[in-house]
>>> print(open('upload07.txt').read())   # compact mmCIF, C-alpha atoms
# COMPACT_ATOMS: atom_id res chain seq x y z
CA MET W 616 84.40 243.51 81.88
CA ILE W 617 81.78 242.09 79.50
CA GLN W 618 80.30 238.80 80.70
CA LYS W 619 80.81 236.05 78.16
CA VAL W 620 77.99 233.92 76.77
CA SER W 621 78.29 230.39 78.17
CA VAL W 622 77.67 227.61 75.67
CA ILE W 623 77.36 223.83 75.87
CA LEU W 624 78.37 222.24 72.58
CA LEU W 625 76.92 218.90 71.38
CA GLU W 626 78.64 217.53 68.27
CA ASP W 627 79.72 213.95 67.71
CA HIS W 628 82.73 214.61 65.44
CA LEU W 629 85.68 215.53 67.65
CA LEU W 630 87.53 217.59 65.05
CA VAL W 631 84.40 219.55 64.18
CA ARG W 632 83.70 220.10 67.86
CA GLN W 633 87.22 221.34 68.47
CA GLY W 634 86.96 223.67 65.50
CA LEU W 635 83.65 225.08 66.70
CA ARG W 636 84.99 225.60 70.20
CA SER W 637 88.06 227.39 68.87
CA MET W 638 85.98 229.60 66.60
CA LEU W 639 83.47 230.52 69.30
CA GLU W 640 86.03 231.24 71.99
CA SER W 641 88.36 233.17 69.66
CA SER W 642 85.62 235.79 69.37
CA GLY W 643 86.23 236.76 72.98
CA GLU W 644 82.46 236.74 73.56
CA VAL W 645 81.83 233.06 74.24
CA GLU W 646 82.99 230.50 76.78
CA VAL W 647 82.30 226.85 75.98
CA VAL W 648 81.62 225.47 79.45
CA GLY W 649 80.99 221.89 78.35
CA GLU W 650 80.92 219.63 75.32
CA ALA W 651 79.68 216.17 74.47
CA GLY W 652 79.34 213.82 71.52
CA SER W 653 75.81 212.50 72.06
CA ALA W 654 72.38 213.60 73.22
CA GLU W 655 72.55 211.44 76.34
CA GLU W 656 75.95 212.85 77.34
CA GLY W 657 74.66 216.35 76.71
CA LEU W 658 71.69 215.90 79.03
CA GLU W 659 74.03 214.57 81.71
CA LEU W 660 76.16 217.70 81.34
CA LEU W 661 73.09 219.89 81.78
CA ARG W 662 72.45 218.27 85.16
CA GLU W 663 75.78 219.61 86.37
CA LEU W 664 76.43 222.78 84.36
CA VAL W 665 74.59 226.03 83.73
CA CYS W 666 74.78 227.73 80.35
CA ASP W 667 73.15 230.48 78.30
CA VAL W 668 72.83 228.56 75.01
CA VAL W 669 73.00 224.94 73.88
CA LEU W 670 74.52 224.54 70.42
CA LEU W 671 73.82 221.11 68.97
CA ASP W 672 74.12 219.15 65.77
CA LEU W 673 70.92 217.42 64.64
CA ASN W 674 72.78 214.33 63.46
CA LEU W 675 73.90 212.86 66.77
CA PRO W 676 74.56 209.14 67.32
CA GLY W 677 71.93 207.24 69.28
CA ARG W 678 69.16 209.63 70.28
CA SER W 679 68.73 212.36 67.68
CA GLY W 680 69.30 216.06 68.04
CA LEU W 681 65.54 216.58 67.70
CA TRP W 682 64.91 214.28 70.67
CA CYS W 683 67.60 216.08 72.65
CA THR W 684 66.05 219.46 71.82
CA SER W 685 62.64 218.38 73.06
CA GLN W 686 64.17 216.90 76.22
CA ILE W 687 66.01 220.13 76.95
CA GLY W 688 62.72 221.99 76.60
CA GLU W 689 61.06 219.68 79.13
CA LEU W 690 63.91 219.49 81.64
CA HIS W 691 65.26 223.03 81.32
CA PRO W 692 62.40 225.32 80.24
CA GLY W 693 63.63 228.58 78.80
CA LEU W 694 67.12 227.32 77.91
CA PRO W 695 67.54 228.21 74.22
CA VAL W 696 68.74 225.62 71.71
CA LEU W 697 70.57 226.65 68.54
CA ILE W 698 70.63 223.94 65.88
CA LEU W 699 73.64 223.48 63.63
CA SER W 700 73.03 221.17 60.67
CA MET W 701 74.18 220.38 57.15
CA HIS W 702 70.52 219.77 56.20
CA THR W 703 68.25 222.78 55.69
CA GLN W 704 65.17 221.28 54.04
CA ARG W 705 61.95 222.92 55.21
CA SER W 706 60.71 219.71 56.78
CA ILE W 707 63.87 219.41 58.90
CA VAL W 708 63.85 223.06 59.98
CA GLY W 709 60.13 222.74 60.75
CA ASP W 710 60.70 219.65 62.89
CA ALA W 711 63.45 221.46 64.79
CA VAL W 712 61.16 224.41 65.53
CA LYS W 713 58.38 222.08 66.64
CA ALA W 714 60.87 220.33 68.97
CA GLY W 715 61.59 223.69 70.59
CA ALA W 716 64.68 225.05 68.83
CA ARG W 717 64.96 228.83 68.92
CA GLY W 718 67.54 229.05 66.17
CA PHE W 719 68.91 227.18 63.15
CA VAL W 720 72.20 227.72 61.28
CA ALA W 721 73.50 225.67 58.34
CA LYS W 722 76.96 224.15 58.70
CA SER W 723 77.84 225.84 55.42
CA ALA W 724 77.07 229.26 56.90
CA HIS W 725 79.75 231.84 57.64
CA SER W 726 81.10 231.96 61.19
CA ASP W 727 79.56 235.43 61.57
CA GLU W 728 76.10 233.87 61.22
CA LEU W 729 76.79 231.32 63.93
CA MET W 730 78.01 234.08 66.25
CA ALA W 731 74.92 236.15 65.44
CA GLY W 732 72.77 233.17 66.36
CA VAL W 733 74.54 232.63 69.68
CA ARG W 734 74.21 236.33 70.55
CA ALA W 735 70.53 236.46 69.59
CA LEU W 736 69.56 233.41 71.63
CA ALA W 737 71.59 234.51 74.64
CA ALA W 738 69.71 237.82 74.53
CA GLY W 739 66.36 236.02 74.61
CA GLY W 740 65.63 236.17 70.89
CA SER W 741 65.74 233.71 68.01
CA TYR W 742 67.88 233.39 64.91
CA PHE W 743 67.42 231.56 61.60
CA ASP W 744 69.96 231.94 58.84
CA ALA W 745 68.92 232.71 55.26
CA ARG W 746 68.42 229.06 54.29
CA ALA W 747 66.29 228.23 57.32
CA ALA W 748 64.24 231.44 57.41
CA GLY W 749 62.09 230.40 54.45
CA ALA W 750 60.89 227.32 56.31
CA VAL W 751 59.93 229.40 59.35
CA LEU W 752 58.02 231.88 57.18
CA ALA W 753 56.19 229.03 55.43
CA MET W 754 55.15 227.62 58.80
CA ALA W 755 53.97 231.04 59.97
CA ARG W 756 51.87 231.40 56.83
CA GLY W 757 50.45 227.91 57.21
CA GLU W 758 51.82 226.83 53.84
CA GLU W 759 51.93 223.13 53.07
CA THR W 760 55.16 221.48 52.04
CA THR W 761 55.85 218.33 50.03
CA GLU W 762 58.09 215.40 50.94
CA SER W 763 61.02 217.28 49.44
CA GLY W 764 60.45 220.12 51.90
CA LEU W 765 59.29 222.52 49.16
CA SER W 766 55.93 224.18 48.75
CA PRO W 767 53.74 222.74 45.93
CA ARG W 768 54.40 225.83 43.79
CA GLU W 769 58.14 225.59 44.35
CA ASP W 770 57.95 221.94 43.32
CA GLN W 771 56.18 222.92 40.12
CA VAL W 772 58.62 225.73 39.34
CA LEU W 773 61.54 223.35 39.91
CA ARG W 774 59.99 220.75 37.57
CA LEU W 775 59.56 223.34 34.83
CA VAL W 776 63.07 224.70 35.31
CA CYS W 777 64.36 221.14 34.90
CA GLN W 778 62.44 220.99 31.63
CA GLY W 779 64.36 224.05 30.41
CA LEU W 780 61.50 226.56 30.41
CA SER W 781 62.26 230.26 30.76
CA ASN W 782 60.81 232.41 33.53
CA HIS W 783 58.30 233.88 31.08
CA LEU W 784 57.10 230.45 29.92
CA ILE W 785 56.88 229.18 33.49
CA ALA W 786 54.87 232.27 34.44
CA GLU W 787 52.45 231.68 31.54
CA GLN W 788 52.01 227.99 32.35
CA MET W 789 51.43 228.64 36.06
CA ASN W 790 49.34 231.78 35.48
CA LEU W 791 51.67 233.83 37.68
CA SER W 792 53.72 236.98 37.16
CA VAL W 793 57.39 236.74 36.18
CA SER W 794 58.28 238.49 39.44
CA SER W 795 56.48 235.73 41.39
CA ILE W 796 58.49 233.10 39.51
CA LYS W 797 61.69 234.94 40.41
CA ILE W 798 60.68 234.92 44.08
CA HIS W 799 60.11 231.15 43.93
CA LEU W 800 63.47 230.72 42.19
CA ARG W 801 65.26 232.65 44.92
CA ALA W 802 63.66 230.37 47.49
CA LEU W 803 64.79 227.33 45.49
CA PHE W 804 68.34 228.70 45.19
CA SER W 805 68.42 229.17 48.97
CA HIS W 806 66.95 225.72 49.63
CA PHE W 807 69.54 223.95 47.46
CA GLY W 808 72.43 226.30 48.32
CA VAL W 809 73.04 227.44 44.73
CA SER W 810 73.01 230.75 42.86
CA ASP W 811 71.89 229.96 39.29
CA ARG W 812 69.46 227.78 37.33
CA THR W 813 72.07 225.34 35.99
CA SER W 814 73.42 224.64 39.48
CA LEU W 815 69.85 224.27 40.73
CA VAL W 816 69.10 221.51 38.21
CA THR W 817 72.41 219.79 38.97
CA ALA W 818 71.82 219.96 42.74
CA PHE W 819 68.28 218.61 42.42
CA GLU W 820 69.36 215.74 40.17
CA ALA W 821 72.17 214.85 42.60
CA ARG W 822 69.74 214.85 45.53
CA ALA W 823 67.21 212.80 43.56
CA ARG W 824 69.84 210.09 43.09
CA LEU W 825 70.46 209.97 46.84
CA LEU W 826 66.91 210.29 48.17
CA PRO W 827 63.90 208.02 47.48
CA THR W 828 61.74 211.03 46.65
CA ARG W 829 60.67 212.56 43.37
CA LEU W 830 58.94 215.73 42.38
CA PRO W 831 55.18 215.18 42.06
CA GLU W 832 53.73 215.35 38.59
CA HIS W 833 51.47 218.34 38.05
CA GLY W 834 48.50 218.40 35.70
>>> encode(input="upload07.txt", output="structure tokens")
Amino acid sequence: MIQKVSVILLEDHLLVRQGLRSMLESSGEVEVVGEAGSAEEGLELLRELVCDVVLLDLNLPGRSGLWCTSQIGELHPGLPVLILSMHTQRSIVGDAVKAGARGFVAKSAHSDELMAGVRALAAGGSYFDARAAGAVLAMARGEETTESGLSPREDQVLRLVCQGLSNHLIAEQMNLSVSSIKIHLRALFSHFGVSDRTSLVTAFEARARLLPTRLPEHG
């Protein structure tokens, strides 16, 4: 008989938590041994229960998921934390990694990705879905990011896309190859969760209306 991966689930929305539990346990590979709706309750659970992986939402009431992640690292060294979040900006993923998270999956990801993350962390590895992986690579390369969570070049490409410039014109203005511009565009599509230029502009404009941040002006 295959031993199941034991998981403690921290998510403040009861319906979401129930859905996650059902999805994880229906795989036949996972047993949710405890669940809680706040960071404080989660840490209390960890005093009583043993698990292989902690799956937690960053947006918890009271103390944040980032605080909880760092506390788990201090109180239970080696216990892997898998972050589940609707926000995948580079700055947020970076903060989660710095707090000690070993994995990060967007709430919009397919259930297969969440299961892959649970398996990877239980086996002693790490897992970052496609949207979060770019942030981890940027950190590894020592790349700077702006307030928006994008690299300065991605910011500039996004500004020029919003101005309606083609890939060729953007490449000429930035003195880069067209293939480099396409790489930056793919990163932008992933960051905003879109698949084309029109949706990218729409998503950025919608975010700009909600957040007090703007793209920096270049040259």
>>> atom_distance(input="upload07.txt", atom1="atom CA of W:Leu660", atom2="atom CA of W:Val696")
14.5 Å
>>> closest_residue(input="upload07.txt", among="W:Asp727, W:Ile785, W:Leu736, W:Ser685", to="W:Cys666", atoms="all atoms listed in the file")
W:Leu736
>>> residues_near_point(input="upload07.txt", point="(65.7, 219.3, 75.5)", cutoff="10 Å", atoms="only C-alpha atoms", output="PyMOL selection string")
chain W and resi 654+657-658+661+669+680-692+694-696+714-716
>>> write_last_selection(input="upload07.txt", atoms="C-alpha atoms", output="compact mmCIF listing (two decimals), in the coordinates of the input")
# COMPACT_ATOMS: atom_id res chain seq x y z
CA ALA W 654 72.38 213.60 73.22
CA GLY W 657 74.66 216.35 76.71
CA LEU W 658 71.69 215.90 79.03
CA LEU W 661 73.09 219.89 81.78
CA VAL W 669 73.00 224.94 73.88
CA GLY W 680 69.30 216.06 68.04
CA LEU W 681 65.54 216.58 67.70
CA TRP W 682 64.91 214.28 70.67
CA CYS W 683 67.60 216.08 72.65
CA THR W 684 66.05 219.46 71.82
CA SER W 685 62.64 218.38 73.06
CA GLN W 686 64.17 216.90 76.22
CA ILE W 687 66.01 220.13 76.95
CA GLY W 688 62.72 221.99 76.60
CA GLU W 689 61.06 219.68 79.13
CA LEU W 690 63.91 219.49 81.64
CA HIS W 691 65.26 223.03 81.32
CA PRO W 692 62.40 225.32 80.24
CA LEU W 694 67.12 227.32 77.91
CA PRO W 695 67.54 228.21 74.22
CA VAL W 696 68.74 225.62 71.71
CA ALA W 714 60.87 220.33 68.97
CA GLY W 715 61.59 223.69 70.59
CA ALA W 716 64.68 225.05 68.83
>>> residues_around(input="upload07.txt", residues="W:Gly652", least_positions_apart="3", cutoff="6 Å", atoms="only C-alpha atoms", output="number ranges by chain")
W: 625-627
>>> write_last_selection(input="upload07.txt", atoms="C-alpha atoms", output="mmCIF file, in the coordinates of the input")
data_model
loop_
_atom_site.group_PDB
_atom_site.id
_atom_site.type_symbol
_atom_site.label_atom_id
_atom_site.label_comp_id
_atom_site.auth_asym_id
_atom_site.auth_seq_id
_atom_site.Cartn_x
_atom_site.Cartn_y
_atom_site.Cartn_z
ATOM 1 C CA LEU W 625 76.920 218.900 71.380
ATOM 2 C CA GLU W 626 78.640 217.530 68.270
ATOM 3 C CA ASP W 627 79.720 213.950 67.710
#
>>> atom_distance(input="upload07.txt", atom1="atom CA of W:His783", atom2="atom CA of W:Gln771")
14.4 Å
>>> atom_distance(input="upload07.txt", atom1="atom CA of W:Arg812", atom2="atom CA of W:Val708")
23.8 Å
>>> closest_residue(input="upload07.txt", among="W:Met638, W:Ala738, W:Ile623, W:Val631", to="W:Glu650", atoms="only C-alpha atoms")
W:Ile623
>>> closest_residue(input="upload07.txt", among="W:Gln618, W:Ser814, W:Asn674, W:Ser637", to="W:Leu773", atoms="only C-alpha atoms")
W:Ser814
>>> closest_residue(input="upload07.txt", among="W:Ala745, W:Leu775, W:Leu780, W:Ala737", to="W:Ala724", atoms="all atoms listed in the file")
W:Ala745
>>> axis_aligned_box(input="upload07.txt", around="stretch 670-687 of chain W", padding_each_side="6 Å", output="lines of an AutoDock Vina configuration file")
center_x = 68.6
center_y = 215.9
center_z = 70.2
size_x = 23.9
size_y = 29.3
size_z = 25.5
>>> closest_residue(input="upload07.txt", among="W:Ser726, W:Leu765, W:Asn790, W:Arg662", to="W:Thr703", atoms="only C-alpha atoms")
W:Leu765
>>> residues_near_point(input="upload07.txt", point="(55.0, 226.9, 35.0)", cutoff="12 Å", atoms="all atoms listed in the file", output="PyMOL selection string")
chain W and resi 767-793+795-797+799-800+833-834
>>> closest_residue(input="upload07.txt", among="W:Gly740, W:Gly643, W:Gly634, W:Gly709", to="W:Asp667", atoms="all atoms listed in the file")
W:Gly740
